[in-house]
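**Student:** So here's query_26.tsv (TSV, C-alpha atoms and all ligand atoms).
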chain	number	residue	atom	x	y	z
E	1	MET	CA	70.12	73.08	47.42
E	2	ARG	CA	68.09	75.39	45.20
E	3	VAL	CA	69.67	78.60	43.94
E	4	HIS	CA	67.50	81.69	43.48
E	5	PHE	CA	68.92	84.84	41.92
E	6	ILE	CA	67.28	88.18	42.69
E	7	LEU	CA	68.22	90.70	40.02
E	8	ASN	CA	67.70	94.43	40.57
E	9	PRO	CA	67.80	95.66	36.95
E	10	ASN	CA	68.10	99.23	38.21
E	11	ALA	CA	71.26	98.71	40.26
E	12	GLY	CA	74.48	100.27	39.04
E	13	ASN	CA	72.58	102.17	36.33
E	14	GLY	CA	71.79	98.92	34.51
E	15	ARG	CA	75.15	97.28	35.22
E	16	ALA	CA	73.41	94.51	37.20
E	17	LYS	CA	71.51	93.29	34.16
E	18	LYS	CA	74.70	93.21	32.07
E	19	ARG	CA	76.53	91.23	34.76
E	20	TRP	CA	73.67	88.76	34.95
E	21	LEU	CA	73.79	88.23	31.18
E	22	GLN	CA	77.52	87.43	31.48
E	23	PHE	CA	76.87	84.93	34.29
E	24	ASN	CA	73.78	83.14	33.02
E	25	GLN	CA	75.32	82.09	29.71
E	26	GLN	CA	77.79	79.88	31.59
E	27	LEU	CA	75.78	78.43	34.50
E	28	SER	CA	75.54	74.65	34.52
E	29	PHE	CA	73.23	74.13	37.52
E	30	PRO	CA	69.44	74.63	37.71
E	31	TYR	CA	68.30	77.96	39.21
E	32	GLU	CA	65.42	80.39	39.36
E	33	LEU	CA	65.68	84.05	38.42
E	34	HIS	CA	63.51	86.75	39.99
E	35	GLU	CA	63.67	90.24	38.56
E	36	THR	CA	62.59	93.09	40.86
E	37	GLN	CA	59.87	95.47	39.70
E	38	TYR	CA	59.94	98.25	42.30
E	39	VAL	CA	61.65	99.58	45.45
E	40	GLY	CA	61.11	97.08	48.28
E	41	HIS	CA	60.30	94.18	45.94
E	42	THR	CA	63.63	92.47	46.74
E	43	PHE	CA	62.59	92.26	50.42
E	44	ILE	CA	59.27	90.56	49.55
E	45	LEU	CA	60.90	88.16	47.08
E	46	ALA	CA	63.59	87.20	49.62
E	47	GLN	CA	60.95	86.61	52.31
E	48	ASP	CA	58.93	84.35	49.99
E	49	ILE	CA	61.96	82.40	48.75
E	50	ALA	CA	63.27	81.87	52.30
E	51	LYS	CA	59.96	80.18	53.21
E	52	LEU	CA	60.83	77.38	50.75
E	53	ALA	CA	64.02	76.41	52.65
E	54	THR	CA	64.06	73.09	54.51
E	55	LYS	CA	66.82	71.06	56.14
E	56	GLU	CA	66.66	68.57	53.26
E	57	LEU	CA	66.59	71.28	50.58
E	58	PRO	CA	68.33	74.49	51.68
E	59	VAL	CA	68.01	77.65	49.63
E	60	CYS	CA	70.73	80.01	48.42
E	61	ILE	CA	69.62	83.53	47.52
E	62	VAL	CA	72.11	85.43	45.37
E	63	ALA	CA	71.54	89.19	45.19
E	64	ILE	CA	72.60	90.79	41.91
E	65	GLY	CA	72.86	94.49	42.56
E	66	GLY	CA	74.34	96.94	45.01
E	67	ASP	CA	74.19	97.48	48.74
E	68	GLY	CA	70.47	98.23	48.67
E	69	THR	CA	69.68	94.89	47.04
E	70	VAL	CA	71.78	92.94	49.55
E	71	HIS	CA	70.25	94.97	52.39
E	72	GLU	CA	66.73	93.98	51.32
E	73	VAL	CA	67.67	90.30	50.87
E	74	LEU	CA	69.17	90.25	54.37
E	75	ASN	CA	66.12	91.91	55.90
E	76	GLY	CA	63.86	89.39	54.19
E	77	ALA	CA	65.82	86.20	54.73
E	78	ALA	CA	68.71	86.45	57.22
E	79	ASN	CA	66.71	85.10	60.15
E	80	VAL	CA	65.53	81.97	58.38
E	81	GLU	CA	67.22	78.60	58.88
E	82	ASN	CA	68.71	76.70	55.94
E	83	VAL	CA	69.15	79.90	53.93
E	84	TYR	CA	72.51	80.98	52.51
E	85	ILE	CA	72.94	84.47	51.12
E	86	GLY	CA	75.40	85.42	48.41
E	87	ALA	CA	75.98	88.39	46.13
E	88	ILE	CA	77.20	89.40	42.71
E	89	ALA	CA	78.30	93.01	43.11
E	90	ALA	CA	76.72	95.21	40.47
E	91	GLY	CA	75.77	98.44	42.22
E	92	SER	CA	77.35	101.87	42.12
E	93	GLY	CA	78.83	101.90	45.65
E	94	ASN	CA	79.29	98.20	46.44
E	95	ASP	CA	80.49	98.54	50.02
E	96	PHE	CA	79.15	95.06	50.80
E	97	ALA	CA	81.64	93.65	48.28
E	98	ARG	CA	84.48	95.44	50.10
E	99	GLY	CA	83.62	93.98	53.50
E	100	TYR	CA	82.44	90.49	52.50
E	101	THR	CA	83.35	87.87	49.91
E	102	VAL	CA	81.14	88.02	46.82
E	103	PHE	CA	81.03	85.95	43.63
E	104	ALA	CA	83.48	87.58	41.24
E	105	ASN	CA	82.95	85.07	38.42
E	106	VAL	CA	80.96	82.03	37.35
E	107	GLN	CA	83.69	79.61	38.48
E	108	GLN	CA	83.38	80.78	42.09
E	109	LEU	CA	79.63	80.35	41.95
E	110	GLU	CA	79.92	76.86	40.43
E	111	GLN	CA	82.41	75.93	43.14
E	112	PHE	CA	80.05	77.09	45.88
E	113	VAL	CA	77.21	75.01	44.43
E	114	ALA	CA	79.52	71.98	44.40
E	115	THR	CA	80.89	72.41	47.94
E	116	ILE	CA	78.27	74.56	49.77
E	117	GLU	CA	80.96	76.29	51.83
E	118	THR	CA	79.67	79.17	53.89
E	119	THR	CA	80.95	81.60	56.51
E	120	VAL	CA	78.88	83.01	59.36
E	121	HIS	CA	78.54	86.70	60.08
E	122	ASP	CA	76.93	89.18	62.46
E	123	TYR	CA	74.33	91.78	61.64
E	124	GLY	CA	73.10	94.80	63.54
E	125	ILE	CA	69.49	95.63	64.37
E	126	ALA	CA	68.29	99.20	64.80
E	127	GLN	CA	64.86	99.59	66.37
E	128	ILE	CA	63.38	102.56	64.52
E	129	ASN	CA	59.96	103.74	65.69
E	130	GLY	CA	59.32	100.22	67.01
E	131	ALA	CA	60.26	98.50	63.73
E	132	PRO	CA	63.47	96.44	63.49
E	133	LYS	CA	65.82	97.31	60.64
E	134	LEU	CA	68.70	94.91	59.99
E	135	PHE	CA	72.01	96.18	58.66
E	136	VAL	CA	75.09	94.28	57.48
E	137	ASN	CA	77.32	97.24	56.63
E	138	ASN	CA	76.39	100.16	58.85
E	139	PHE	CA	73.70	102.34	60.36
E	140	GLY	CA	74.22	106.07	60.39
E	141	VAL	CA	72.68	109.40	61.35
E	142	GLY	CA	73.47	112.95	60.29
E	143	PHE	CA	75.39	114.52	57.46
E	144	ASP	CA	76.06	111.42	55.32
E	145	ALA	CA	72.40	110.34	55.48
E	146	LEU	CA	71.35	113.83	54.37
E	147	VAL	CA	73.75	113.73	51.39
E	148	ALA	CA	72.48	110.27	50.35
E	149	ASN	CA	68.86	111.36	50.69
E	150	THR	CA	69.32	114.59	48.72
E	151	ALA	CA	71.18	112.71	45.99
E	152	ASN	CA	68.59	109.92	45.74
E	153	GLU	CA	65.74	112.39	45.38
E	154	SER	CA	67.53	114.67	42.96
E	155	GLN	CA	66.51	115.00	39.33
E	156	LEU	CA	70.10	116.00	38.50
E	157	LYS	CA	71.46	112.62	39.61
E	158	LYS	CA	68.69	110.79	37.72
E	159	LYS	CA	69.54	112.69	34.53
E	160	LEU	CA	73.29	112.08	34.92
E	161	ASN	CA	72.60	108.40	35.69
E	162	LYS	CA	71.31	108.00	32.15
E	163	TRP	CA	74.92	108.49	31.01
E	164	SER	CA	76.27	106.46	33.98
E	165	ILE	CA	77.86	109.56	35.54
E	166	GLY	CA	75.41	110.06	38.42
E	167	LYS	CA	78.25	109.79	40.93
E	168	LEU	CA	79.76	113.00	39.56
E	169	SER	CA	76.87	114.87	41.16
E	170	TYR	CA	77.95	113.89	44.71
E	171	PRO	CA	80.41	116.78	45.27
E	172	TYR	CA	77.50	119.12	44.54
E	173	PHE	CA	75.31	117.43	47.17
E	174	VAL	CA	78.14	117.41	49.71
E	175	ILE	CA	78.68	121.16	49.25
E	176	TYR	CA	74.91	121.76	49.41
E	177	ALA	CA	74.62	119.73	52.64
E	178	LEU	CA	77.69	121.47	54.07
E	179	PHE	CA	75.84	124.78	54.00
E	180	THR	CA	72.37	123.53	55.00
E	181	PHE	CA	73.13	120.86	57.62
E	182	LYS	CA	72.88	121.84	61.27
E	183	PRO	CA	75.11	119.82	63.64
E	184	PHE	CA	73.10	118.26	66.45
E	185	GLN	CA	73.45	117.06	70.02
E	186	LEU	CA	73.72	113.31	70.49
E	187	ASN	CA	73.41	111.21	73.64
E	188	VAL	CA	74.96	107.77	73.50
E	189	LYS	CA	74.08	105.20	76.16
E	190	GLN	CA	75.99	101.94	76.48
E	191	ASN	CA	77.04	99.67	79.32
E	192	GLY	CA	75.16	101.81	81.83
E	193	ASN	CA	77.16	104.95	80.82
E	194	GLN	CA	75.83	107.99	79.06
E	195	GLN	CA	77.96	110.30	76.92
E	196	GLN	CA	76.80	113.58	75.43
E	197	PHE	CA	78.30	114.94	72.20
E	198	GLN	CA	77.72	118.51	71.01
E	199	ASN	CA	77.87	119.76	67.40
E	200	VAL	CA	77.76	116.28	65.88
E	201	TRP	CA	78.08	116.04	62.09
E	202	PHE	CA	77.48	112.34	61.89
E	203	ALA	CA	77.56	109.09	63.85
E	204	THR	CA	78.00	105.69	62.25
E	205	VAL	CA	77.55	102.25	63.77
E	206	SER	CA	79.63	99.81	61.72
E	207	ASN	CA	79.63	96.06	61.24
E	208	GLN	CA	82.29	96.27	58.53
E	209	PRO	CA	84.90	98.93	57.69
E	210	TYR	CA	83.46	100.59	54.56
E	211	PHE	CA	80.69	103.07	53.91
E	212	GLY	CA	79.74	105.69	51.34
E	213	GLY	CA	81.29	103.84	48.38
E	214	GLY	CA	84.73	102.85	49.64
E	215	MET	CA	85.41	105.11	52.63
E	216	ASN	CA	87.26	103.15	55.32
E	217	ILE	CA	85.36	104.76	58.19
E	218	SER	CA	85.77	101.94	60.72
E	219	PRO	CA	89.07	100.12	60.02
E	220	LYS	CA	88.78	97.85	63.08
E	221	SER	CA	85.33	96.49	62.22
E	222	ASN	CA	85.07	92.76	61.69
E	223	THR	CA	81.87	91.09	60.52
E	224	SER	CA	82.27	88.03	62.77
E	225	ASP	CA	83.50	89.43	66.09
E	226	GLY	CA	80.11	89.94	67.79
E	227	LYS	CA	80.77	93.69	68.10
E	228	LEU	CA	79.78	96.95	66.48
E	229	GLU	CA	82.14	99.92	66.19
E	230	VAL	CA	80.75	103.40	66.71
E	231	THR	CA	82.25	106.53	65.11
E	232	VAL	CA	81.10	109.97	66.26
E	233	VAL	CA	82.38	113.02	64.35
E	234	SER	CA	81.77	116.28	66.19
E	235	ASN	CA	83.04	119.79	66.89
E	236	LEU	CA	84.85	120.46	63.64
E	237	SER	CA	84.58	123.17	61.00
E	238	LYS	CA	83.04	122.60	57.56
E	239	TRP	CA	86.50	122.70	56.02
E	240	LYS	CA	87.93	120.14	58.42
E	241	LEU	CA	84.93	117.92	57.65
E	242	LEU	CA	85.84	118.08	53.96
E	243	PHE	CA	89.42	117.19	54.89
E	244	LEU	CA	88.07	114.27	56.92
E	245	PHE	CA	86.13	112.94	53.92
E	246	GLY	CA	89.38	113.03	51.94
E	247	SER	CA	91.41	111.25	54.62
E	248	VAL	CA	88.81	108.58	55.42
E	249	PHE	CA	89.56	106.71	52.17
E	250	PHE	CA	92.99	105.97	53.65
E	251	ALA	CA	91.73	105.50	57.25
E	252	LYS	CA	93.80	108.52	58.36
E	253	HIS	CA	90.75	110.22	59.93
E	254	THR	CA	91.14	108.10	63.09
E	255	ARG	CA	94.02	110.37	64.15
E	256	LEU	CA	91.79	113.45	64.29
E	257	LYS	CA	90.73	114.51	67.78
E	258	GLU	CA	87.23	115.25	66.47
E	259	VAL	CA	86.73	111.56	65.60
E	260	TYR	CA	85.70	109.44	68.57
E	261	GLN	CA	85.50	105.65	68.15
E	262	PHE	CA	84.56	102.79	70.47
E	263	GLU	CA	83.25	99.24	70.20
E	264	THR	CA	80.16	97.81	71.85
E	265	THR	CA	77.51	95.10	71.59
E	266	ALA	CA	74.51	97.33	72.29
E	267	LEU	CA	73.82	101.06	72.50
E	268	GLU	CA	71.08	103.66	72.42
E	269	LEU	CA	71.23	106.90	70.42
E	270	GLU	CA	69.14	109.94	71.33
E	271	PHE	CA	69.03	113.21	69.37
E	272	SER	CA	68.24	116.78	70.35
E	273	ASP	CA	66.98	117.69	66.87
E	274	SER	CA	65.40	115.78	64.02
E	275	VAL	CA	68.08	114.02	61.92
E	276	MET	CA	68.28	111.88	58.79
E	277	ALA	CA	69.21	108.23	59.26
E	278	HIS	CA	70.16	105.36	56.94
E	279	ALA	CA	70.72	101.61	57.20
E	280	ASP	CA	73.31	100.26	54.72
E	281	GLY	CA	72.88	103.55	52.82
E	282	GLU	CA	69.18	102.77	52.28
E	283	ASN	CA	65.85	103.68	53.87
E	284	GLN	CA	66.81	107.29	54.43
E	285	LEU	CA	64.30	108.57	56.93
E	286	LEU	CA	63.85	111.61	59.10
E	287	LEU	CA	63.95	110.83	62.82
E	288	GLU	CA	62.07	113.22	65.08
E	289	SER	CA	63.91	115.03	67.87
E	290	ASN	CA	64.13	113.13	71.18
E	291	ASN	CA	63.71	109.90	69.23
E	292	LYS	CA	65.65	107.00	70.76
E	293	ILE	CA	67.16	104.27	68.66
E	294	ALA	CA	68.27	101.03	70.29
E	295	ILE	CA	70.93	99.16	68.35
E	296	THR	CA	72.27	95.67	69.07
E	297	VAL	CA	74.50	93.18	67.31
E	298	ILE	CA	73.29	89.67	66.62
E	299	GLU	CA	76.36	87.47	66.55
E	300	LYS	CA	77.00	84.93	63.79
E	301	ALA	CA	73.38	85.11	62.71
E	302	TRP	CA	73.50	84.54	58.94
E	303	GLN	CA	75.40	82.41	56.46
E	304	LEU	CA	77.27	83.93	53.55
E	305	ALA	CA	77.60	81.81	50.42
E	306	LYS	CA	81.15	82.26	49.15
S	1	LIG	N1	62.83	97.41	39.55
S	1	LIG	C1	63.22	98.43	40.31
S	1	LIG	N2	62.94	99.71	39.95
S	1	LIG	C2	63.35	100.75	40.71
S	1	LIG	N3	64.06	100.61	41.86
S	1	LIG	C3	64.36	99.37	42.25
S	1	LIG	C4	63.96	98.23	41.51
S	1	LIG	N4	64.40	97.12	42.16
S	1	LIG	C5	65.04	97.55	43.25
S	1	LIG	N5	65.02	98.90	43.32
S	1	LIG	C6	65.65	99.77	44.32
S	1	LIG	O1	66.89	100.21	43.80
S	1	LIG	C7	67.61	100.79	44.89
S	1	LIG	C8	69.09	100.78	44.62
S	1	LIG	O2	69.55	99.48	44.53
S	1	LIG	P1	71.08	99.11	44.87
S	1	LIG	O3	71.49	99.79	46.11
S	1	LIG	O4	71.20	97.65	44.80
S	1	LIG	O5	71.88	99.73	43.64
S	1	LIG	P2	72.88	100.96	43.62
S	1	LIG	O6	72.26	102.12	44.34
S	1	LIG	O7	73.28	101.16	42.22
S	1	LIG	O8	74.14	100.39	44.41
S	1	LIG	P3	74.89	100.89	45.78
S	1	LIG	O9	73.87	100.95	46.87
S	1	LIG	O10	75.91	99.81	46.05
S	1	LIG	O11	75.48	102.21	45.46
S	1	LIG	C9	67.17	100.01	46.12
S	1	LIG	O12	66.64	100.94	47.05
S	1	LIG	C10	66.07	99.10	45.61
S	1	LIG	O13	64.94	99.05	46.49
Using structure tokens, write down the structure that the file contains.

**Tutor:**
Amino acid sequence: MRVHFILNPNAGNGRAKKRWLQFNQQLSFPYELHETQYVGHTFILAQDIAKLATKELPVCIVAIGGDGTVHEVLNGAANVENVYIGAIAAGSGNDFARGYTVFANVQQLEQFVATIETTVHDYGIAQINGAPKLFVNNFGVGFDALVANTANESQLKKKLNKWSIGKLSYPYFVIYALFTFKPFQLNVKQNGNQQQFQNVWFATVSNQPYFGGGMNISPKSNTSDGKLEVTVVSNLSKWKLLFLFGSVFFAKHTRLKEVYQFETTALELEFSDSVMAHADGENQLLLESNNKIAITVIEKAWQLAK
């Protein structure tokens, strides 16, 4: 097996590079290091590395970064045989590390190289404007995508990031979105049934429990059960939404009548208005009104190096 590390030096406000320096001083096996240069580079690197994998010489790609880095590695390499994917968590949110096993230290990595023990997991695919987007954590539309998008594009967050306190700007973006976001109408089709939701704040399709940097939005999600769990939050006031964001860290939001959850293997989402969407907290994009998104789960489709 060949081990390839993909390091996103930007992840975690530079934390990824520091973590890599701690790891690489102690590694005893041969490896290749690829450092990303720009947004989307991880995807291209992962695609190219995966092409090297053969039955005789499998490839392990270890993402060093946050959820965005893992998301790009998965999109580039998850479908390829003889590829194992692992991660060293070094982002700012790190939800992947909450839902999956990641390498916490050099010893765990050395042990994996010696034993090549893997576990198999599902991923979801969202067909967006005809293009497939894989997600390992979750796919979401609405309020949370708008907050993430506003934060990512903000100069304030970039300035605060220089002192590693970019996260402190989030309450500001949440309050801003609270007063600018317009709840929308959502149609959900699954198993031949159609349900209509009015005044939707957000809808999340989860493969694992956590989103938004540690919020336990979908406690029943399991990455190897061949199912996706859907959470629709609708018909609640701005203040109750804030309360929900407080309670979701402790998974108490599931008791609220405004939170509707179900599990499925495939579904279609249709919106009355244009909405922001994200996959694993990345690729924030504006979906036009009446856009339909088909989402399916692909069961036990990729191997996690652990
Ligand atoms: N060299 C680079 N320069 C700028 N951006 C990069 C570079 N390499 C990767 N990126 C982008 O950085 C973004 C953020 O990466 P990532 O999500 O891993 O870190 P994070 O945002 O700190 O962590 P988290 O998502 O867990 O909060 C990704 O969208 C990725 O495409």

**Student:** Can you write out as a tab-separated table which residues of chain E fall within 9 Å of ligand LIG 1 (chain S), alongside each residue's closest atom pair and its distance in Å to one decimal, counting all atoms listed in the file and ordering rows by chain and ascending residue number?

**Tutor:**
residue	atom	partner	partner_atom	distance
E:Leu7	CA	S:LIG1	N4	7.8
E:Asn8	CA	S:LIG1	N4	4.5
E:Pro9	CA	S:LIG1	N1	5.9
E:Asn10	CA	S:LIG1	C1	5.4
E:Ala11	CA	S:LIG1	O5	3.6
E:Gly12	CA	S:LIG1	O7	3.5
E:Asn13	CA	S:LIG1	O7	6.0
E:Gly14	CA	S:LIG1	O7	8.2
E:Arg15	CA	S:LIG1	O7	8.2
E:Ala16	CA	S:LIG1	O7	8.3
E:Glu35	CA	S:LIG1	N1	7.3
E:Thr36	CA	S:LIG1	N1	4.5
E:Gln37	CA	S:LIG1	N1	3.5
E:Tyr38	CA	S:LIG1	C1	3.8
E:Val39	CA	S:LIG1	O13	3.5
E:Gly40	CA	S:LIG1	O13	4.7
E:His41	CA	S:LIG1	N4	6.3
E:Thr42	CA	S:LIG1	C5	6.3
E:Phe43	CA	S:LIG1	O13	8.2
E:Ala63	CA	S:LIG1	O4	8.5
E:Ile64	CA	S:LIG1	O4	7.6
E:Gly65	CA	S:LIG1	O4	4.2
E:Gly66	CA	S:LIG1	O4	3.2
E:Asp67	CA	S:LIG1	O10	4.0
E:Gly68	CA	S:LIG1	O3	3.2
E:Thr69	CA	S:LIG1	O4	3.9
E:Val70	CA	S:LIG1	O4	6.7
E:His71	CA	S:LIG1	O3	8.0
E:Glu72	CA	S:LIG1	O13	7.2
E:Ala89	CA	S:LIG1	O10	7.8
E:Ala90	CA	S:LIG1	O8	7.0
E:Gly91	CA	S:LIG1	O8	3.4
E:Ser92	CA	S:LIG1	O11	3.8
E:Gly93	CA	S:LIG1	O11	3.4
E:Asn94	CA	S:LIG1	O10	3.8
E:Asp95	CA	S:LIG1	O10	6.2
E:Phe96	CA	S:LIG1	O10	7.5
E:Ala97	CA	S:LIG1	O10	8.7
E:Asn152	CA	S:LIG1	O6	8.7
E:Gly212	CA	S:LIG1	O11	8.1
E:Gly213	CA	S:LIG1	O11	6.7
E:Asp280	CA	S:LIG1	O9	7.9
E:Gly281	CA	S:LIG1	O9	6.6
E:Glu282	CA	S:LIG1	O12	6.1
E:Asn283	CA	S:LIG1	O12	7.4

**Student:** Go ahead and write the residues just picked, C-alpha atoms, as a PDB file, in the frame of the given file.

**Tutor:**
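Just written: result-v6.pdb:
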ATOM      1  CA  LEU E   7      68.220  90.700  40.020  1.00  0.00           C
ATOM      2  CA  ASN E   8      67.700  94.430  40.570  1.00  0.00           C
ATOM      3  CA  PRO E   9      67.800  95.660  36.950  1.00  0.00           C
ATOM      4  CA  ASN E  10      68.100  99.230  38.210  1.00  0.00           C
ATOM      5  CA  ALA E  11      71.260  98.710  40.260  1.00  0.00           C
ATOM      6  CA  GLY E  12      74.480 100.270  39.040  1.00  0.00           C
ATOM      7  CA  ASN E  13      72.580 102.170  36.330  1.00  0.00           C
ATOM      8  CA  GLY E  14      71.790  98.920  34.510  1.00  0.00           C
ATOM      9  CA  ARG E  15      75.150  97.280  35.220  1.00  0.00           C
ATOM     10  CA  ALA E  16      73.410  94.510  37.200  1.00  0.00           C
ATOM     11  CA  GLU E  35      63.670  90.240  38.560  1.00  0.00           C
ATOM     12  CA  THR E  36      62.590  93.090  40.860  1.00  0.00           C
ATOM     13  CA  GLN E  37      59.870  95.470  39.700  1.00  0.00           C
ATOM     14  CA  TYR E  38      59.940  98.250  42.300  1.00  0.00           C
ATOM     15  CA  VAL E  39      61.650  99.580  45.450  1.00  0.00           C
ATOM     16  CA  GLY E  40      61.110  97.080  48.280  1.00  0.00           C
ATOM     17  CA  HIS E  41      60.300  94.180  45.940  1.00  0.00           C
ATOM     18  CA  THR E  42      63.630  92.470  46.740  1.00  0.00           C
ATOM     19  CA  PHE E  43      62.590  92.260  50.420  1.00  0.00           C
ATOM     20  CA  ALA E  63      71.540  89.190  45.190  1.00  0.00           C
ATOM     21  CA  ILE E  64      72.600  90.790  41.910  1.00  0.00           C
ATOM     22  CA  GLY E  65      72.860  94.490  42.560  1.00  0.00           C
ATOM     23  CA  GLY E  66      74.340  96.940  45.010  1.00  0.00           C
ATOM     24  CA  ASP E  67      74.190  97.480  48.740  1.00  0.00           C
ATOM     25  CA  GLY E  68      70.470  98.230  48.670  1.00  0.00           C
ATOM     26  CA  THR E  69      69.680  94.890  47.040  1.00  0.00           C
ATOM     27  CA  VAL E  70      71.780  92.940  49.550  1.00  0.00           C
ATOM     28  CA  HIS E  71      70.250  94.970  52.390  1.00  0.00           C
ATOM     29  CA  GLU E  72      66.730  93.980  51.320  1.00  0.00           C
ATOM     30  CA  ALA E  89      78.300  93.010  43.110  1.00  0.00           C
ATOM     31  CA  ALA E  90      76.720  95.210  40.470  1.00  0.00           C
ATOM     32  CA  GLY E  91      75.770  98.440  42.220  1.00  0.00           C
ATOM     33  CA  SER E  92      77.350 101.870  42.120  1.00  0.00           C
ATOM     34  CA  GLY E  93      78.830 101.900  45.650  1.00  0.00           C
ATOM     35  CA  ASN E  94      79.290  98.200  46.440  1.00  0.00           C
ATOM     36  CA  ASP E  95      80.490  98.540  50.020  1.00  0.00           C
ATOM     37  CA  PHE E  96      79.150  95.060  50.800  1.00  0.00           C
ATOM     38  CA  ALA E  97      81.640  93.650  48.280  1.00  0.00           C
ATOM     39  CA  ASN E 152      68.590 109.920  45.740  1.00  0.00           C
ATOM     40  CA  GLY E 212      79.740 105.690  51.340  1.00  0.00           C
ATOM     41  CA  GLY E 213      81.290 103.840  48.380  1.00  0.00           C
ATOM     42  CA  ASP E 280      73.310 100.260  54.720  1.00  0.00           C
ATOM     43  CA  GLY E 281      72.880 103.550  52.820  1.00  0.00           C
ATOM     44  CA  GLU E 282      69.180 102.770  52.280  1.00  0.00           C
ATOM     45  CA  ASN E 283      65.850 103.680  53.870  1.00  0.00           C
TER      46      ASN E 283
END

**Student:** Skip region 102-108 of chain E itself and residues of its chain fewer than 5 positions away, then list as a list in words all residues within 6 Å of it, counting only C-alpha atoms.

**Tutor:** Phe23, Ala87, Ile88 and Ala97 of chain E

**Student:** State, in Å with one decimal place, the distance from CA of Cys60 (chain E) to CA of Gly226 (chain E).

**Tutor:**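 CA of Gly226 (chain E) lies at a distance of 23.7 Å from CA of Cys60 (chain E).
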
**Student:** Show which residues sit within 12 Å of Thr180 (chain E), as a list in words. Count all atoms listed in the file, and ignore same-chain residues fewer than 6 positions away.

**Tutor:** Gly142, Phe143, Leu146, Val147, Thr150, Phe173, Val174, Trp201 and Lys238 of chain E

**Student:** Keeping only C-alpha atoms, write the selected residues as an mmCIF file, keeping the file's coordinate frame.

**Tutor:**
data_model
loop_
_atom_site.group_PDB
_atom_site.id
_atom_site.type_symbol
_atom_site.label_atom_id
_atom_site.label_comp_id
_atom_site.auth_asym_id
_atom_site.auth_seq_id
_atom_site.Cartn_x
_atom_site.Cartn_y
_atom_site.Cartn_z
ATOM 1 C CA GLY E 142 73.470 112.950 60.290
ATOM 2 C CA PHE E 143 75.390 114.520 57.460
ATOM 3 C CA LEU E 146 71.350 113.830 54.370
ATOM 4 C CA VAL E 147 73.750 113.730 51.390
ATOM 5 C CA THR E 150 69.320 114.590 48.720
ATOM 6 C CA PHE E 173 75.310 117.430 47.170
ATOM 7 C CA VAL E 174 78.140 117.410 49.710
ATOM 8 C CA TRP E 201 78.080 116.040 62.090
ATOM 9 C CA LYS E 238 83.040 122.600 57.560
#

**Student:** What lies within 8 Å of Val205 (chain E) using only C-alpha atoms, ignoring chain neighbours under 3 positions off, as a list in words?

**Tutor:** Asn138, Phe139, Gly140, Leu228, Glu229, Val230 and Thr231 of chain E

**Student:** Starting from 3 Å padding per side, set up an axis-aligned box that covers all listed atoms of region 101-107 of chain E and hand over centre and edge lengths in Å, one decimal, as lines of an AutoDock Vina configuration file.

**Tutor:**
center_x = 82.3
center_y = 83.8
center_z = 43.6
size_x = 8.7
size_y = 14.4
size_z = 18.6

**Student:** How would region 117-128 of chain E look with N, CA and C atoms restored, written as a PDB file, in the frame of the given file?

**Tutor:**
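To be explicit, this is the file written out as rebuild39.pdb:
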ATOM      1  N   GLU E 117      80.151  75.729  50.737  1.00  0.00           N
ATOM      2  CA  GLU E 117      80.960  76.290  51.830  1.00  0.00           C
ATOM      3  C   GLU E 117      80.436  77.669  52.191  1.00  0.00           C
ATOM      4  N   THR E 118      80.180  77.862  53.471  1.00  0.00           N
ATOM      5  CA  THR E 118      79.670  79.170  53.890  1.00  0.00           C
ATOM      6  C   THR E 118      80.514  79.718  55.046  1.00  0.00           C
ATOM      7  N   THR E 119      80.372  81.017  55.298  1.00  0.00           N
ATOM      8  CA  THR E 119      80.950  81.600  56.510  1.00  0.00           C
ATOM      9  C   THR E 119      79.823  82.298  57.261  1.00  0.00           C
ATOM     10  N   VAL E 120      79.961  82.385  58.582  1.00  0.00           N
ATOM     11  CA  VAL E 120      78.880  83.010  59.360  1.00  0.00           C
ATOM     12  C   VAL E 120      79.270  84.412  59.796  1.00  0.00           C
ATOM     13  N   HIS E 121      78.281  85.286  59.811  1.00  0.00           N
ATOM     14  CA  HIS E 121      78.540  86.700  60.080  1.00  0.00           C
ATOM     15  C   HIS E 121      77.477  87.302  61.003  1.00  0.00           C
ATOM     16  N   ASP E 122      77.855  88.437  61.589  1.00  0.00           N
ATOM     17  CA  ASP E 122      76.930  89.180  62.460  1.00  0.00           C
ATOM     18  C   ASP E 122      76.093  90.131  61.613  1.00  0.00           C
ATOM     19  N   TYR E 123      74.997  90.588  62.182  1.00  0.00           N
ATOM     20  CA  TYR E 123      74.330  91.780  61.640  1.00  0.00           C
ATOM     21  C   TYR E 123      73.890  92.650  62.802  1.00  0.00           C
ATOM     22  N   GLY E 124      73.597  93.896  62.509  1.00  0.00           N
ATOM     23  CA  GLY E 124      73.100  94.800  63.540  1.00  0.00           C
ATOM     24  C   GLY E 124      71.601  94.975  63.359  1.00  0.00           C
ATOM     25  N   ILE E 125      70.916  95.292  64.470  1.00  0.00           N
ATOM     26  CA  ILE E 125      69.490  95.630  64.370  1.00  0.00           C
ATOM     27  C   ILE E 125      69.282  96.990  65.002  1.00  0.00           C
ATOM     28  N   ALA E 126      68.669  97.889  64.250  1.00  0.00           N
ATOM     29  CA  ALA E 126      68.290  99.200  64.800  1.00  0.00           C
ATOM     30  C   ALA E 126      66.778  99.218  64.943  1.00  0.00           C
ATOM     31  N   GLN E 127      66.311  99.502  66.130  1.00  0.00           N
ATOM     32  CA  GLN E 127      64.860  99.590  66.370  1.00  0.00           C
ATOM     33  C   GLN E 127      64.446 101.029  66.071  1.00  0.00           C
ATOM     34  N   ILE E 128      63.764 101.205  64.933  1.00  0.00           N
ATOM     35  CA  ILE E 128      63.380 102.560  64.520  1.00  0.00           C
ATOM     36  C   ILE E 128      61.871 102.680  64.602  1.00  0.00           C
TER      37      ILE E 128
END
